[in-house]
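A.B. asks: The structure follows.
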Amino acid sequence: STVKKEGSMASGDTHSVIKIDETKFMVALSDGMGSGEYAERISQTTISLLESFYRAKMPADCVLSTVNKLLSFGKEESFACVDIGVSDLVNGSANIVKLGAPLAFILSGNTIKVLENNSLPLGILEGLRPQTYEQALQENDILLFISDGISGAFPSSTDLYNALKNIPTGNPQQLTDCLLSAALSAYGNEAKDDMTALAVRLFKSA
């Protein structure tokens, strides 16, 4: 679920939901610097590079360092806050990488696991120190990524957490629609930034 900043012609938030191969699945959310067409271009480039390199089966640390260098080569500042989740479709294990992005969440039954971030965005420094999580996902678990347009609508992380507790979590689309609606309401129904909520649910194949 996504909406552009009020008055903006383009969104700096870009997402990806793809199968890397027969056993791996990637979900990613990129928030380019600022808003508008320049931010959109940075964000789309970041997502396109991530998709290509992960599909080429490059090691994750090599993917991130390469994308980081490519973003930093430009004459203008080009950085993006990124969330990446790569899940093994056989055993449910997930590798989650955060670079400058706000809180992410894993919703499992009646519990909400908060994934914090202490790293800088892609494209700022030559060296990378991503925040990573190794998580064993269970059937019906939902992985939720948000851009800072969503998180910034709430006075604190506690308020965001409490808002999530009151949203039905059975359907990922309903979850993101409701969260976006709550964030817009907190802003006074005016999108003060690009706003995106991206959720995927793990389930067993028939």
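In the structure tokens, each chain is lettered A, B, ... as it comes, each chain's residues begin at 1, and ligands are numbered from 1 in order of appearance.
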Name the residues in contact with A:Leu144 at a cut-off of 6 Å, using only C-alpha atoms, excluding same-chain residues fewer than 6 positions from it; report them as a PyMOL selection string.
C.D. replies: chain A and resi 104-105+198-199
A.B. asks: Just N, CA and C atoms for this one: save the residues we selected as a short mmCIF file (atom, residue, chain, number, x, y, z; two decimals), in the first residue's frame.
C.D. replies:
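Output file again.cif is given in full below:
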```
data_model
loop_
_atom_site.label_atom_id
_atom_site.label_comp_id
_atom_site.auth_asym_id
_atom_site.auth_seq_id
_atom_site.Cartn_x
_atom_site.Cartn_y
_atom_site.Cartn_z
N ALA A 104 11.09 -2.57 11.18
CA ALA A 104 10.33 -3.57 10.43
C ALA A 104 9.73 -4.52 11.46
N PHE A 105 8.81 -5.38 11.00
CA PHE A 105 8.09 -6.22 11.95
C PHE A 105 7.86 -7.62 11.38
N LEU A 198 4.71 -2.51 3.07
CA LEU A 198 4.85 -3.70 2.24
C LEU A 198 4.85 -4.94 3.13
N ALA A 199 3.91 -5.85 2.88
CA ALA A 199 3.80 -7.05 3.72
C ALA A 199 3.69 -8.29 2.85
#
```
A.B. asks: Give me the residues near A:Ile167 as a list in words, where near means some atom within 8 Å (using only C-alpha atoms) and where sequence neighbours in that chain fewer than 3 positions away do not count.
C.D. replies: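 Residues near the query, excluding close chain neighbours: Ala163, Leu164, Leu175, Cys178 and Leu179 of chain A.
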A.B. asks: For the strand (DSSP E or B) assignment from backbone DSSP, which residues of stretch 37-190 of chain A qualify? Please present them as number ranges by chain.
C.D. replies: A: 80-88, 93-100, 104-108, 111-115, 122, 131-136, 142-146
A.B. asks: Please provide the set of residues having any atom within 8 Å of A:Glu139, restricted to only C-alpha atoms, with same-chain residues fewer than 4 positions apart removed, written as number ranges by chain.
C.D. replies: A: 202-204
A.B. asks: Extract, using only C-alpha atoms, all DNA, RNA and protein residues at most 12 Å from A:Tyr38, discarding same-chain residues fewer than 2 positions from it, and format them as JSON, numbers by chain.
C.D. replies: {"A": [8, 9, 10, 11, 12, 13, 31, 32, 33, 34, 35, 36, 40, 41, 42, 43, 44, 45, 76, 77, 78, 79, 80]}
A.B. asks: For stretch 98-101 of chain A, list every protein, DNA or RNA residue within 7 Å, evaluated using only C-alpha atoms, and leave out those in the same chain fewer than 5 positions away; present the list as number ranges by chain.
C.D. replies: A: 81-84, 117, 119-122, 130-132, 147
A.B. asks: Selected residues, all heavy atoms, written as a tab-separated table (two decimals), in the first residue's frame, please.
C.D. replies:
```tsv
chain	number	residue	atom	x	y	z
A	81	CYS	N	17.45	4.28	1.79
A	81	CYS	CA	17.18	3.43	2.94
A	81	CYS	C	16.52	2.15	2.43
A	81	CYS	O	15.55	2.22	1.67
A	81	CYS	CB	16.26	4.14	3.93
A	81	CYS	SG	16.96	5.66	4.62
A	82	VAL	N	17.05	1.01	2.85
A	82	VAL	CA	16.64	-0.24	2.23
A	82	VAL	C	16.33	-1.31	3.28
A	82	VAL	O	17.07	-1.46	4.26
A	82	VAL	CB	17.73	-0.77	1.28
A	82	VAL	CG1	17.32	-2.09	0.65
A	82	VAL	CG2	18.02	0.25	0.18
A	83	ASP	N	15.26	-2.05	3.03
A	83	ASP	CA	14.95	-3.29	3.75
A	83	ASP	C	14.95	-4.42	2.73
A	83	ASP	O	14.35	-4.29	1.66
A	83	ASP	CB	13.56	-3.23	4.40
A	83	ASP	CG	13.58	-2.59	5.77
A	83	ASP	OD1	14.50	-2.86	6.54
A	83	ASP	OD2	12.64	-1.82	6.08
A	84	ILE	N	15.61	-5.53	3.07
A	84	ILE	CA	15.64	-6.69	2.19
A	84	ILE	C	15.34	-7.93	3.02
A	84	ILE	O	15.92	-8.13	4.09
A	84	ILE	CB	17.03	-6.88	1.52
A	84	ILE	CG1	17.48	-5.60	0.82
A	84	ILE	CG2	17.00	-8.05	0.53
A	84	ILE	CD1	18.95	-5.60	0.45
A	117	ASN	N	16.94	-0.95	13.66
A	117	ASN	CA	18.02	-0.65	12.72
A	117	ASN	C	18.99	0.36	13.32
A	117	ASN	O	18.58	1.38	13.85
A	117	ASN	CB	17.44	-0.11	11.42
A	117	ASN	CG	18.53	0.34	10.46
A	117	ASN	OD1	19.36	-0.46	10.05
A	117	ASN	ND2	18.54	1.61	10.13
A	119	SER	N	21.98	1.02	11.33
A	119	SER	CA	22.92	1.20	10.22
A	119	SER	C	22.56	2.41	9.37
A	119	SER	O	21.44	2.93	9.42
A	119	SER	CB	22.94	-0.06	9.35
A	119	SER	OG	21.67	-0.26	8.78
A	120	LEU	N	23.52	2.85	8.56
A	120	LEU	CA	23.32	3.98	7.65
A	120	LEU	C	22.76	3.48	6.32
A	120	LEU	O	22.88	2.31	5.97
A	120	LEU	CB	24.64	4.70	7.41
A	120	LEU	CG	25.25	5.42	8.62
A	120	LEU	CD1	26.64	5.94	8.28
A	120	LEU	CD2	24.35	6.57	9.06
A	121	PRO	N	22.13	4.38	5.54
A	121	PRO	CA	21.60	3.98	4.23
A	121	PRO	C	22.71	3.57	3.25
A	121	PRO	O	23.89	3.84	3.47
A	121	PRO	CB	20.89	5.26	3.74
A	121	PRO	CG	20.63	6.07	4.97
A	121	PRO	CD	21.78	5.77	5.89
A	122	LEU	N	22.29	2.94	2.17
A	122	LEU	CA	23.20	2.63	1.07
A	122	LEU	C	23.65	3.91	0.38
A	122	LEU	O	22.86	4.85	0.22
A	122	LEU	CB	22.51	1.74	0.03
A	122	LEU	CG	22.44	0.24	0.27
A	122	LEU	CD1	21.51	-0.41	-0.75
A	122	LEU	CD2	23.82	-0.39	0.19
A	130	PRO	N	25.58	-3.28	7.74
A	130	PRO	CA	24.13	-3.49	7.76
A	130	PRO	C	23.66	-4.17	9.03
A	130	PRO	O	24.40	-4.94	9.64
A	130	PRO	CB	23.89	-4.38	6.53
A	130	PRO	CG	25.18	-5.10	6.33
A	130	PRO	CD	26.25	-4.13	6.73
A	131	GLN	N	22.43	-3.87	9.41
A	131	GLN	CA	21.79	-4.59	10.51
A	131	GLN	C	21.14	-5.83	9.91
A	131	GLN	O	20.34	-5.73	8.98
A	131	GLN	CB	20.71	-3.71	11.15
A	131	GLN	CG	20.00	-4.34	12.33
A	131	GLN	CD	20.82	-4.26	13.59
A	131	GLN	OE1	21.30	-3.20	13.96
A	131	GLN	NE2	20.99	-5.39	14.26
A	132	THR	N	21.53	-7.00	10.40
A	132	THR	CA	21.00	-8.23	9.82
A	132	THR	C	20.30	-9.08	10.88
A	132	THR	O	20.65	-9.05	12.06
A	132	THR	CB	22.12	-9.08	9.17
A	132	THR	OG1	23.09	-9.43	10.17
A	132	THR	CG2	22.80	-8.30	8.06
A	147	SER	N	8.24	2.46	4.97
A	147	SER	CA	9.13	3.59	4.74
A	147	SER	C	8.95	4.60	5.87
A	147	SER	O	8.00	4.51	6.66
A	147	SER	CB	8.82	4.23	3.38
A	147	SER	OG	7.53	4.81	3.38
```
A.B. asks: At a cut-off of 7 Å, using only C-alpha atoms, what residues contact stretch 181-183 of chain A? Leave out same-chain residues fewer than 2 positions from it and give the result as a ChimeraX atom specification.
C.D. replies: /A:150,153-154,177-179,185-187
A.B. asks: Using only C-alpha atoms, find the one residue out of A:Ala136, A:Thr14, A:Gly7, A:Gly149 that sits nearest to A:Ala39.
C.D. replies: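 Smallest separation from A:Ala39 among the options: A:Thr14.
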A.B. asks: If DSSP is run on the backbone, what residues of stretch 13-183 of chain A are helix (DSSP H, G or I)? A reply as a ChimeraX atom specification would be ideal.
C.D. replies: /A:36-55,60-72,148-151,157-165,172-183
A.B. asks: Provide the atom CA of A:Val114 to atom CA of A:Gly152 distance in Å, to one decimal place.
C.D. replies: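 Spanning atom CA of A:Val114 to atom CA of A:Gly152 is a straight-line distance of 16.2 Å.
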A.B. asks: Please determine, counting only C-alpha atoms, which residue among A:Tyr161, A:Lys4, A:Phe25, A:Met195 has the shortest atom-to-atom distance to A:Thr111.
C.D. replies: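 Smallest distance to A:Thr111 is found for A:Tyr161.
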